[in-house]
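A.B. asks: Just dropping this structure here.
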Amino acid sequence: MPDYSAVEAKTYDLIVIGGGINGVAVARDAALRGLKTILIEKGDFGGGTTSWSSRLVHGGLRYLEYFEFNLVRESLREREILLQTAPHLVKPIQMTIPIYAQGSRSYWEIQAGMVLYDLLSYDKSLPNHRMLGEKKLQQLFRAVEPEGCRGAAQYYDAQVEYAERLCLEIVLSAQEAGATMLSYVTVTQLQRKDNRISSLVCRDSETGEAFTVHGHDQTVVINTSGPWVDQVCRSGIQGNAPAPVGKTRKIGGTRGSHIIVDKFPGAPDEALYAEALTDGRPFFILPWLGMCLIGTTDIRFEGDLDKVHASNDEVDYLLNETNRVIPTAQLTRKSVKFTYAGVRPLPYTESKKTSGITRSHILYDHTSEGVENMVSLIGGKLTTHRQVGEEMVDAALKKQKKPRSHSETRKAALPGAISASKAKELMTVHNRDTVAHLLSIYGARTPEVLALVEDFPELGEPIVAAQPDIKAQIVYSVKAELARTYADIGRRRTALSMRGNYGFDALPVMADVLKRYCGWSEERCDRNLLDYYAYMRDNCIPEYQLDQYNPPVTAPVA
């Protein structure tokens with residue numbers, strides 16, 4: 001547990017609220033530039049919108065349609081940086097766009113877009129696009145619906161299968177650089193002195209311990225809480241200023257839902273990027289950890305941000321549209337292994353069509369609302385998080401009247417970045433299948449997990465039969481990766497929750513390992529079991545399956 005008395009004894013140059021991918025990127029950039037930085041996250045790092053994304057590091061091809069050329073160029077540049085600085089997590093993936101006569105864009109329009117996309121990514125390491133004629137497409141993708149198909153476009157983007165772990169590695173890098181990174185801590189009050197936020201009253205959500213984070217005369221507060229931006233701005237205010245921060249609404253989020261299914265007849269080995277017949281919205285059919293990830297939707301959302309659920313209609317929509325593009329799929333509700341949904345923190349607008357709302361990020365300076373030392377992030381994408389971090393720190397330095405310093409994040413590799421030669425060396429020393437799996441998650445930190453197995457051989461056993469994760473990963477999650485709950489371990493440090501049965505099969509083993517090797521009490525494990533059921537029911541289990549997953553009345557002993 002963090003030492004909150006030590007936190008209270010310090011003052012900070014930069015206080016970041018929100019530990020999703022953008023917030024942790026700000027903290028890392030600031031710490032690497034020498035700013036005394038603290039980040040406060042109300043749940044687990046990357047536990048909000050970051051963990052509910054489509055898991056793509058993409059150049060924003062569809063943003064060309066809205067003439068957001070700067071965003072496309074920025075995204076393509078940031079994609080290339082991540083391919084170089086996090087090669088163990090961010091990997092190239094080939095996309096194929098089937099082009100249909102009834103679609104909203106013709107073959108030639110898409111080809112023109114592909115040419116422009118290549119021009120905007122002039123410094124990329126990935127291949128250029130290619131166009132496939134009707135016959136070539138049918139040769140390569142026999143299962144794709146041929147009627148009305150005029151061919152396809154193929155190009156490369158990138159995929160981060162473990163998006164949560166990309167966020168985590170940025171957290172670890174920020175810590176190494178000196179940042180204080182707090183999870184499961186809620187900001188309960190913004191305290192003002194005149195026209196500045198002077199301190200933040202906080203509470204540990206597990207222990208209930210309250211403490212205060214102090215700033216000084218030049219402290220800047222950065223609000224990167226995603227869909228919760230407006231809630232943070234309207235936190236209880238104490239001080240001599242009557243008005244809260246945030247007089248106007250800034251976030252108008254939309255829900256994006258996904259489903260995960262097993263590989264089905266005709267499932268492509270690479271990604272398909274298709275246009276839904278129902279509403280013309282693009283959606284993806286992506287290979288993911290030996291399964292298929294299908295999404296996403298785009299629906300205005302006004303509900304509880306801590307309980308965001310894919311609706312039955314959205315599940316049916318994704319199943320039906322996939323069956324239309326690949327008729328041999330024959331997917332039904334019974335095919336669905338996991339669902340998830342997240343809220344995009346887009347700028348608030350009352351009337352605009354959701355697809356037309358800009359995906360560019362906005363740095364909102366609250367000076368216009370009477371608070372001189374607070375900046376909120378509106379928008380922000382997984383792909384461009386590093387750029388957001390750099391821009392936010394530049395803005396903070398400007399407010400502090402300090403010279404703009406060089407950001408190291410353009411070239412600084414993340415902790416797990418590993419060379420091919422080192423990875424090959426590890427494969428020759430240990431079990432190849434286990435090491436290959438660990439390398440895809442931990443990269444250069446894999447030997448630290450394997451060291452646990454050397455000390456305690458039983459930790460080399462699988463958590464769930466026929467799945468690749470081993471017991472050592474549970475211990476490592478708690479000891480080295482700031483995990484505090486079952487959901488942290490099963491949903492965000494590993495993909496146990498998403499591989500089968502919502503991770504429930506792993507819970508008895510998880511409890512046993514945590515009690516033996518991490519000192520967890522019976523009571524803590526029981527409480528976590530009930531919390532895990534609630535989390536899955538609120539966020540991941542489809543409405544039509546809820547009756548199959550009723551929580552225990554009293555938590556059984558693992």
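Residue numbering restarts at 1 in every chain; chains get A, B, ... in the order shown in the structure tokens, and ligands count up from 1 in that same order.
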Just list the residues in range 44-249 of chain A DSSP gives strand (DSSP E) on the backbone, as a PyMOL selection string.

C.D. replies: chain A and resi 56-57+90-100+130-132+149-160+180-182+185-193+196-204+210-223+236-239

A.B. asks: Would you mind listing, for every residue of range 203-241 of chain A within 10 Å of range 16-24 of chain A, the two atoms forming the shortest contact and the distance between them in Å to one decimal, using only C-alpha atoms, sorted by chain and ascending residue number, as JSON lines?

C.D. replies:
{"residue": "A:Val220", "atom": "CA", "partner": "A:Val16", "partner_atom": "CA", "distance": 8.6}
{"residue": "A:Val221", "atom": "CA", "partner": "A:Val16", "partner_atom": "CA", "distance": 6.0}
{"residue": "A:Ile222", "atom": "CA", "partner": "A:Val16", "partner_atom": "CA", "distance": 4.7}
{"residue": "A:Asn223", "atom": "CA", "partner": "A:Ile17", "partner_atom": "CA", "distance": 4.9}
{"residue": "A:Thr224", "atom": "CA", "partner": "A:Gly18", "partner_atom": "CA", "distance": 5.0}
{"residue": "A:Ser225", "atom": "CA", "partner": "A:Gly18", "partner_atom": "CA", "distance": 4.1}
{"residue": "A:Gly226", "atom": "CA", "partner": "A:Gly18", "partner_atom": "CA", "distance": 7.4}
{"residue": "A:Trp228", "atom": "CA", "partner": "A:Gly18", "partner_atom": "CA", "distance": 8.7}
{"residue": "A:Val229", "atom": "CA", "partner": "A:Gly18", "partner_atom": "CA", "distance": 8.8}
{"residue": "A:Val232", "atom": "CA", "partner": "A:Ile17", "partner_atom": "CA", "distance": 8.2}

A.B. asks: If we count only C-alpha atoms, what is near Ala177 in chain A at a cut-off of 12 Å, once residues fewer than 6 positions away on the same chain are taken out, given as a PDB file with C-alpha atoms, in the first residue's frame?

C.D. replies:
ATOM      1  CA  ALA A  27       2.931  11.701 -16.005  1.00  0.00           C
ATOM      2  CA  ARG A  28       5.713   9.848 -17.812  1.00  0.00           C
ATOM      3  CA  ASP A  29       6.617  12.789 -20.027  1.00  0.00           C
ATOM      4  CA  ALA A  30       6.608  15.183 -17.053  1.00  0.00           C
ATOM      5  CA  ALA A  31       8.740  12.926 -14.858  1.00  0.00           C
ATOM      6  CA  LEU A  32      11.253  12.382 -17.646  1.00  0.00           C
ATOM      7  CA  ARG A  33      11.542  16.185 -17.954  1.00  0.00           C
ATOM      8  CA  GLY A  34      12.275  16.525 -14.237  1.00  0.00           C
ATOM      9  CA  LEU A  35       8.900  17.729 -12.926  1.00  0.00           C
ATOM     10  CA  LYS A  36       7.829  16.415  -9.513  1.00  0.00           C
ATOM     11  CA  THR A  37       4.708  14.582 -10.647  1.00  0.00           C
ATOM     12  CA  ILE A  38       1.838  12.700  -9.023  1.00  0.00           C
ATOM     13  CA  ILE A 170       3.934   3.667 -19.291  1.00  0.00           C
ATOM     14  CA  VAL A 171       3.024   3.667 -15.574  1.00  0.00           C
ATOM     15  CA  GLU A 408      12.351  12.116 -24.406  1.00  0.00           C
ATOM     16  CA  THR A 409       9.297  10.015 -25.159  1.00  0.00           C
ATOM     17  CA  ALA A 412      12.638   6.307 -25.163  1.00  0.00           C
ATOM     18  CA  LEU A 414       9.133   1.234 -22.813  1.00  0.00           C
ATOM     19  CA  PRO A 415      10.405  -1.185 -20.122  1.00  0.00           C
TER      20      PRO A 415
END

A.B. asks: Find the residues around range 43-55 of chain A up to 7 Å (only C-alpha atoms counted), leave out those fewer than 3 positions away in its own chain, and share them as a PyMOL selection string.

C.D. replies: chain A and resi 19-21+159-161+163-164+167-168+183-185+295+340-344+382+488

A.B. asks: Rank nothing, just name the residue among A:Ile441, A:Leu14, A:Val7, A:Leu452 nearest to Asp394 in chain A, using only C-alpha atoms.

C.D. replies: A:Leu14

A.B. asks: Hey, could you make a per-residue contact list for range 451-498 of chain A against range 427-431 of chain A with 12 Å as the cut-off, showing the nearest pair of atoms and its distance in Å to one decimal, counting only C-alpha atoms, sorted by chain and number, as JSON lines?

C.D. replies:
{"residue": "A:Ala451", "atom": "CA", "partner": "A:His430", "partner_atom": "CA", "distance": 11.2}
{"residue": "A:Val453", "atom": "CA", "partner": "A:His430", "partner_atom": "CA", "distance": 10.8}
{"residue": "A:Glu454", "atom": "CA", "partner": "A:His430", "partner_atom": "CA", "distance": 10.7}
{"residue": "A:Gly460", "atom": "CA", "partner": "A:Asn431", "partner_atom": "CA", "distance": 10.2}
{"residue": "A:Glu461", "atom": "CA", "partner": "A:Asn431", "partner_atom": "CA", "distance": 11.9}
{"residue": "A:Pro468", "atom": "CA", "partner": "A:Asn431", "partner_atom": "CA", "distance": 11.6}
